[in-house]
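To start, the structure itself, in structure tokens.
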Amino acid sequence: MTNKKHSDSQPTHEGMPKQPAINWTMVAVVAALAGVLLLVRSFTGKTDEFKNKIIPEAVKKIVNDPSSKIEIDNVRDTNGVYEFDLKVNGQAYVSYITKDGKILFTSGIKLDDSANKDSASSQPQKKLTCEELEKAEKPKLTAFIVSQCPFGLQMQRVFKNAINEDPSLADKLDIKYIGAIENGKITAMHGDAEAQENLKQICIRDEQKALYWPYVSCYMQEGKTDQCLANVGVDQVMMNACMEDPTRGNAYAQKDFDLANKFSVGGSPTLLLNEKQIVSEFDFGGRTPNAIKQLTCCGSTTKDASCSTEISTKEMVPAYSLTDESTTTGGTTTSAAGCEPAQPAN
């Protein structure tokens, strides 16, 4: 009897068909490409949802005028928030919205961009050197912020990390708030919720000083005020009494506002050195702990030993975040943004 050769489709001696070899390298490449496509589609879908639905709905709540022409374009992911171009009746704003869609900043300013714009009312911006900074025997660097501005939170995060790395900075760094008192009530650029949070932080700062940074460190993560107050151990009876007593809470806040007004501070964050001179962190490396340290050292008549050492040059993340450090190193364009009061549309 003649033996027949097995074909690939015929049973083998084990009774199973012979299978072609699998190219595992090709499988891995295809899987990786599929993953990239899914990420691209996910990101594109998210920005499209913000551009076409979430942002327009949020802007309409603020503009509150059906006849206004609203244009939204170029939504981009910017270090923890969405930045976008907004036009209201032809007036352009650089604007921001948090990724949960809950907080909208209808007007922002990029400090590095504004320095290059021609304006009859503004002076050319000059990068300051250490030698040109105002000196004091006991240097003080003050950051003016509002509590729901992503970039105010970023500056608080910079200050916190600078103090953690160099505790000698604790007495040299100060946080103050931007706002006003109208008819006995505190106001802020992003509404009453922000004004009340500003006042809480002011009362903790001035009456429970040891708990200020622990509370702010918690609040910066997710904005969970009640949870942070409890976790840190803030005396809420004392805090509420401070907020309700105009001779305490409002009086503390008014001192912040008076100093801000003296130097025409409008944007969050803004840095003031030795209560004499507005300075830019970007002249010394950006929103990093080391830049803040250099500003305090340059603002001192005598430099202590710590001024010869460098601390972190990592930029901090803006907005609410469970982590502090950005993936970039000092002075990036995206992190040079700030919040400013919205201007009336023309």
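Letters A, B, ... go to the chains of the structure tokens in the order shown; residues in each chain start at 1; ligands are counted from 1 in the same order.
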
- [ ] Quick one: everything within 9 Å of segment 275-277 of chain A, counting only C-alpha atoms, minus sequence neighbours fewer than 3 positions away in the same chain. Send it as a ChimeraX atom specification.
- [x] /A:133-134,140-142,259,263,271-272

TODO: Could you tell me, as a count of residues only, which residues of segment 201-312 of chain A DSSP assigns to helix (DSSP H, G or I) when given the backbone?
DONE: 72

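Compared by their closest atoms to Lys138 of chain A, and using only C-alpha atoms, the residues A:Cys297, A:Ile72, A:Val94, A:Ile178 rank with A:Cys297 nearest.
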
TODO: Tell me, as a list in words, which residues lie within 12 Å of Ser312 of chain A, counting only C-alpha atoms; anything in the same chain fewer than 5 positions away does not count.
DONE: Val158, Phe159, Lys160, Asn161, Ala162, Ile163, Asn164, Glu165, Asp166, Gly285, Gly286, Arg287, Thr288, Pro289, Asn290, Ala291, Ile292, Lys293, Gln294, Asp324, Glu325, Ser326, Thr328, Thr329 and Gly330 of chain A

- [ ] Select, from A:Lys46, A:Lys87, A:Lys69, A:Lys53, the residue with the minimum atom-to-atom distance to Lys99 of chain A, counting only C-alpha atoms.
- [x] A:Lys46

Open item on the list: Can you pull out the residues contacting Val237 of chain A? Cut-off 12 Å, using only C-alpha atoms, and skip same-chain residues under 3 positions away; I want them as a list in words.
Closed with: Lys200, Cys203, Ile204, Glu207, Gln208, Leu229, Ala230, Gly233, Val234, Asn240, Ala241, Cys242, Met243 and Glu244 of chain A

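In terms of minimum interatomic distance to Ile145 of chain A, A:Gly267 ranks closest within A:Gly267, A:Pro56, A:Gly223, A:Gly299, counting only C-alpha atoms.
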
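The closest residue to Pro214 of chain A, picked from A:Gln156, A:Ser168, A:Ser268, A:Lys262 and counting only C-alpha atoms, is A:Gln156.
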
Open item on the list: Taking 6 positions as the minimum chain separation for residues in the same chain, which residues sit within 8 Å of Cys149 of chain A when counting only C-alpha atoms? Answer as a ChimeraX atom specification.
Closed with: /A:105,268,319,338-339

Task: Neighbour list for Asp85 of chain A as a ChimeraX atom specification, cut-off 9 Å, only C-alpha atoms, skip fewer than 4 positions in-chain - done: /A:71-75,92-96

Requested write-out: N, CA and C atoms of the selected residues, as a JSON list (two decimals), in the first residue's frame:
```
[["chain", "number", "residue", "atom", "x", "y", "z"],
["A", 71, "GLU", "N", -18.23, 82.61, 20.66],
["A", 71, "GLU", "CA", -17.41, 81.74, 19.82],
["A", 71, "GLU", "C", -16.38, 81.03, 20.69],
["A", 72, "ILE", "N", -16.24, 79.73, 20.52],
["A", 72, "ILE", "CA", -15.30, 78.92, 21.30],
["A", 72, "ILE", "C", -14.43, 78.14, 20.33],
["A", 73, "ASP", "N", -13.11, 78.20, 20.52],
["A", 73, "ASP", "CA", -12.22, 77.53, 19.57],
["A", 73, "ASP", "C", -10.95, 77.08, 20.29],
["A", 74, "ASN", "N", -10.25, 76.14, 19.65],
["A", 74, "ASN", "CA", -8.91, 75.72, 20.05],
["A", 74, "ASN", "C", -8.86, 75.26, 21.51],
["A", 75, "VAL", "N", -9.68, 74.29, 21.87],
["A", 75, "VAL", "CA", -9.65, 73.72, 23.22],
["A", 75, "VAL", "C", -8.41, 72.83, 23.35],
["A", 92, "ALA", "N", -12.08, 89.13, 22.64],
["A", 92, "ALA", "CA", -11.36, 87.87, 22.82],
["A", 92, "ALA", "C", -10.81, 87.73, 24.24],
["A", 93, "TYR", "N", -10.89, 86.51, 24.76],
["A", 93, "TYR", "CA", -10.34, 86.18, 26.07],
["A", 93, "TYR", "C", -9.59, 84.85, 25.98],
["A", 94, "VAL", "N", -8.46, 84.73, 26.69],
["A", 94, "VAL", "CA", -7.87, 83.42, 26.94],
["A", 94, "VAL", "C", -8.56, 82.89, 28.19],
["A", 95, "SER", "N", -9.22, 81.75, 28.09],
["A", 95, "SER", "CA", -10.08, 81.28, 29.17],
["A", 95, "SER", "C", -9.75, 79.85, 29.56],
["A", 96, "TYR", "N", -10.26, 79.44, 30.74],
["A", 96, "TYR", "CA", -9.92, 78.13, 31.28],
["A", 96, "TYR", "C", -11.16, 77.51, 31.94]]
```

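Among the candidates A:Pro318, A:Gly45, A:Pro167, A:Gly179, the one nearest to Thr98 of chain A when counting only C-alpha atoms is A:Pro318.
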
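Running DSSP on the backbone and keeping only strand (DSSP E or B), the residues of segment 115-215 of chain A that qualify are A:Ala136, A:Leu141, A:Thr142, A:Ala143, A:Phe144, A:Ile145, A:Leu173, A:Asp174, A:Ile175, A:Lys176, A:Tyr177, A:Ala180, A:Ile181, A:Glu182, A:Lys185, A:Ile186, A:Thr187.
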
How would the residues just picked look written out with N, CA and C atoms as a PDB file, in the first residue's frame?
```pdb
ATOM      1  N   ALA A 136      15.583  94.225  51.882  1.00  0.00           N
ATOM      2  CA  ALA A 136      15.091  94.446  53.245  1.00  0.00           C
ATOM      3  C   ALA A 136      15.876  93.546  54.193  1.00  0.00           C
ATOM      4  N   LEU A 141       8.181  87.845  50.725  1.00  0.00           N
ATOM      5  CA  LEU A 141       7.622  87.678  49.387  1.00  0.00           C
ATOM      6  C   LEU A 141       6.149  87.307  49.546  1.00  0.00           C
ATOM      7  N   THR A 142       5.275  88.130  49.005  1.00  0.00           N
ATOM      8  CA  THR A 142       3.833  87.938  49.134  1.00  0.00           C
ATOM      9  C   THR A 142       3.250  87.526  47.800  1.00  0.00           C
ATOM     10  N   ALA A 143       2.435  86.472  47.828  1.00  0.00           N
ATOM     11  CA  ALA A 143       1.713  86.039  46.627  1.00  0.00           C
ATOM     12  C   ALA A 143       0.247  86.405  46.791  1.00  0.00           C
ATOM     13  N   PHE A 144      -0.295  87.199  45.872  1.00  0.00           N
ATOM     14  CA  PHE A 144      -1.722  87.514  45.851  1.00  0.00           C
ATOM     15  C   PHE A 144      -2.418  86.495  44.961  1.00  0.00           C
ATOM     16  N   ILE A 145      -3.462  85.872  45.512  1.00  0.00           N
ATOM     17  CA  ILE A 145      -4.168  84.826  44.768  1.00  0.00           C
ATOM     18  C   ILE A 145      -5.662  84.894  45.075  1.00  0.00           C
ATOM     19  N   LEU A 173       7.621  83.951  53.424  1.00  0.00           N
ATOM     20  CA  LEU A 173       6.599  83.796  52.391  1.00  0.00           C
ATOM     21  C   LEU A 173       5.222  84.035  52.971  1.00  0.00           C
ATOM     22  N   ASP A 174       4.398  84.745  52.234  1.00  0.00           N
ATOM     23  CA  ASP A 174       3.071  85.110  52.725  1.00  0.00           C
ATOM     24  C   ASP A 174       2.058  84.998  51.583  1.00  0.00           C
ATOM     25  N   ILE A 175       0.858  84.521  51.919  1.00  0.00           N
ATOM     26  CA  ILE A 175      -0.238  84.461  50.950  1.00  0.00           C
ATOM     27  C   ILE A 175      -1.284  85.494  51.328  1.00  0.00           C
ATOM     28  N   LYS A 176      -1.664  86.333  50.369  1.00  0.00           N
ATOM     29  CA  LYS A 176      -2.757  87.277  50.569  1.00  0.00           C
ATOM     30  C   LYS A 176      -3.756  87.101  49.431  1.00  0.00           C
ATOM     31  N   TYR A 177      -4.935  87.689  49.604  1.00  0.00           N
ATOM     32  CA  TYR A 177      -6.055  87.405  48.706  1.00  0.00           C
ATOM     33  C   TYR A 177      -6.527  88.675  48.006  1.00  0.00           C
ATOM     34  N   ALA A 180     -12.752  92.362  47.418  1.00  0.00           N
ATOM     35  CA  ALA A 180     -13.290  93.633  47.899  1.00  0.00           C
ATOM     36  C   ALA A 180     -14.363  93.355  48.944  1.00  0.00           C
ATOM     37  N   ILE A 181     -14.700  94.391  49.718  1.00  0.00           N
ATOM     38  CA  ILE A 181     -15.828  94.335  50.640  1.00  0.00           C
ATOM     39  C   ILE A 181     -16.897  95.271  50.088  1.00  0.00           C
ATOM     40  N   GLU A 182     -18.062  94.710  49.747  1.00  0.00           N
ATOM     41  CA  GLU A 182     -19.160  95.504  49.210  1.00  0.00           C
ATOM     42  C   GLU A 182     -20.400  95.302  50.070  1.00  0.00           C
ATOM     43  N   LYS A 185     -20.048  92.680  52.672  1.00  0.00           N
ATOM     44  CA  LYS A 185     -19.869  91.297  52.232  1.00  0.00           C
ATOM     45  C   LYS A 185     -18.626  91.178  51.365  1.00  0.00           C
ATOM     46  N   ILE A 186     -17.842  90.137  51.609  1.00  0.00           N
ATOM     47  CA  ILE A 186     -16.633  89.909  50.830  1.00  0.00           C
ATOM     48  C   ILE A 186     -16.993  89.417  49.430  1.00  0.00           C
ATOM     49  N   THR A 187     -16.263  89.896  48.430  1.00  0.00           N
ATOM     50  CA  THR A 187     -16.484  89.470  47.043  1.00  0.00           C
ATOM     51  C   THR A 187     -15.163  88.976  46.453  1.00  0.00           C
TER      52      THR A 187
END
```

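Here atom CA of Ile54 of chain A and atom CA of Val81 of chain A stand 13.5 Å from one another.
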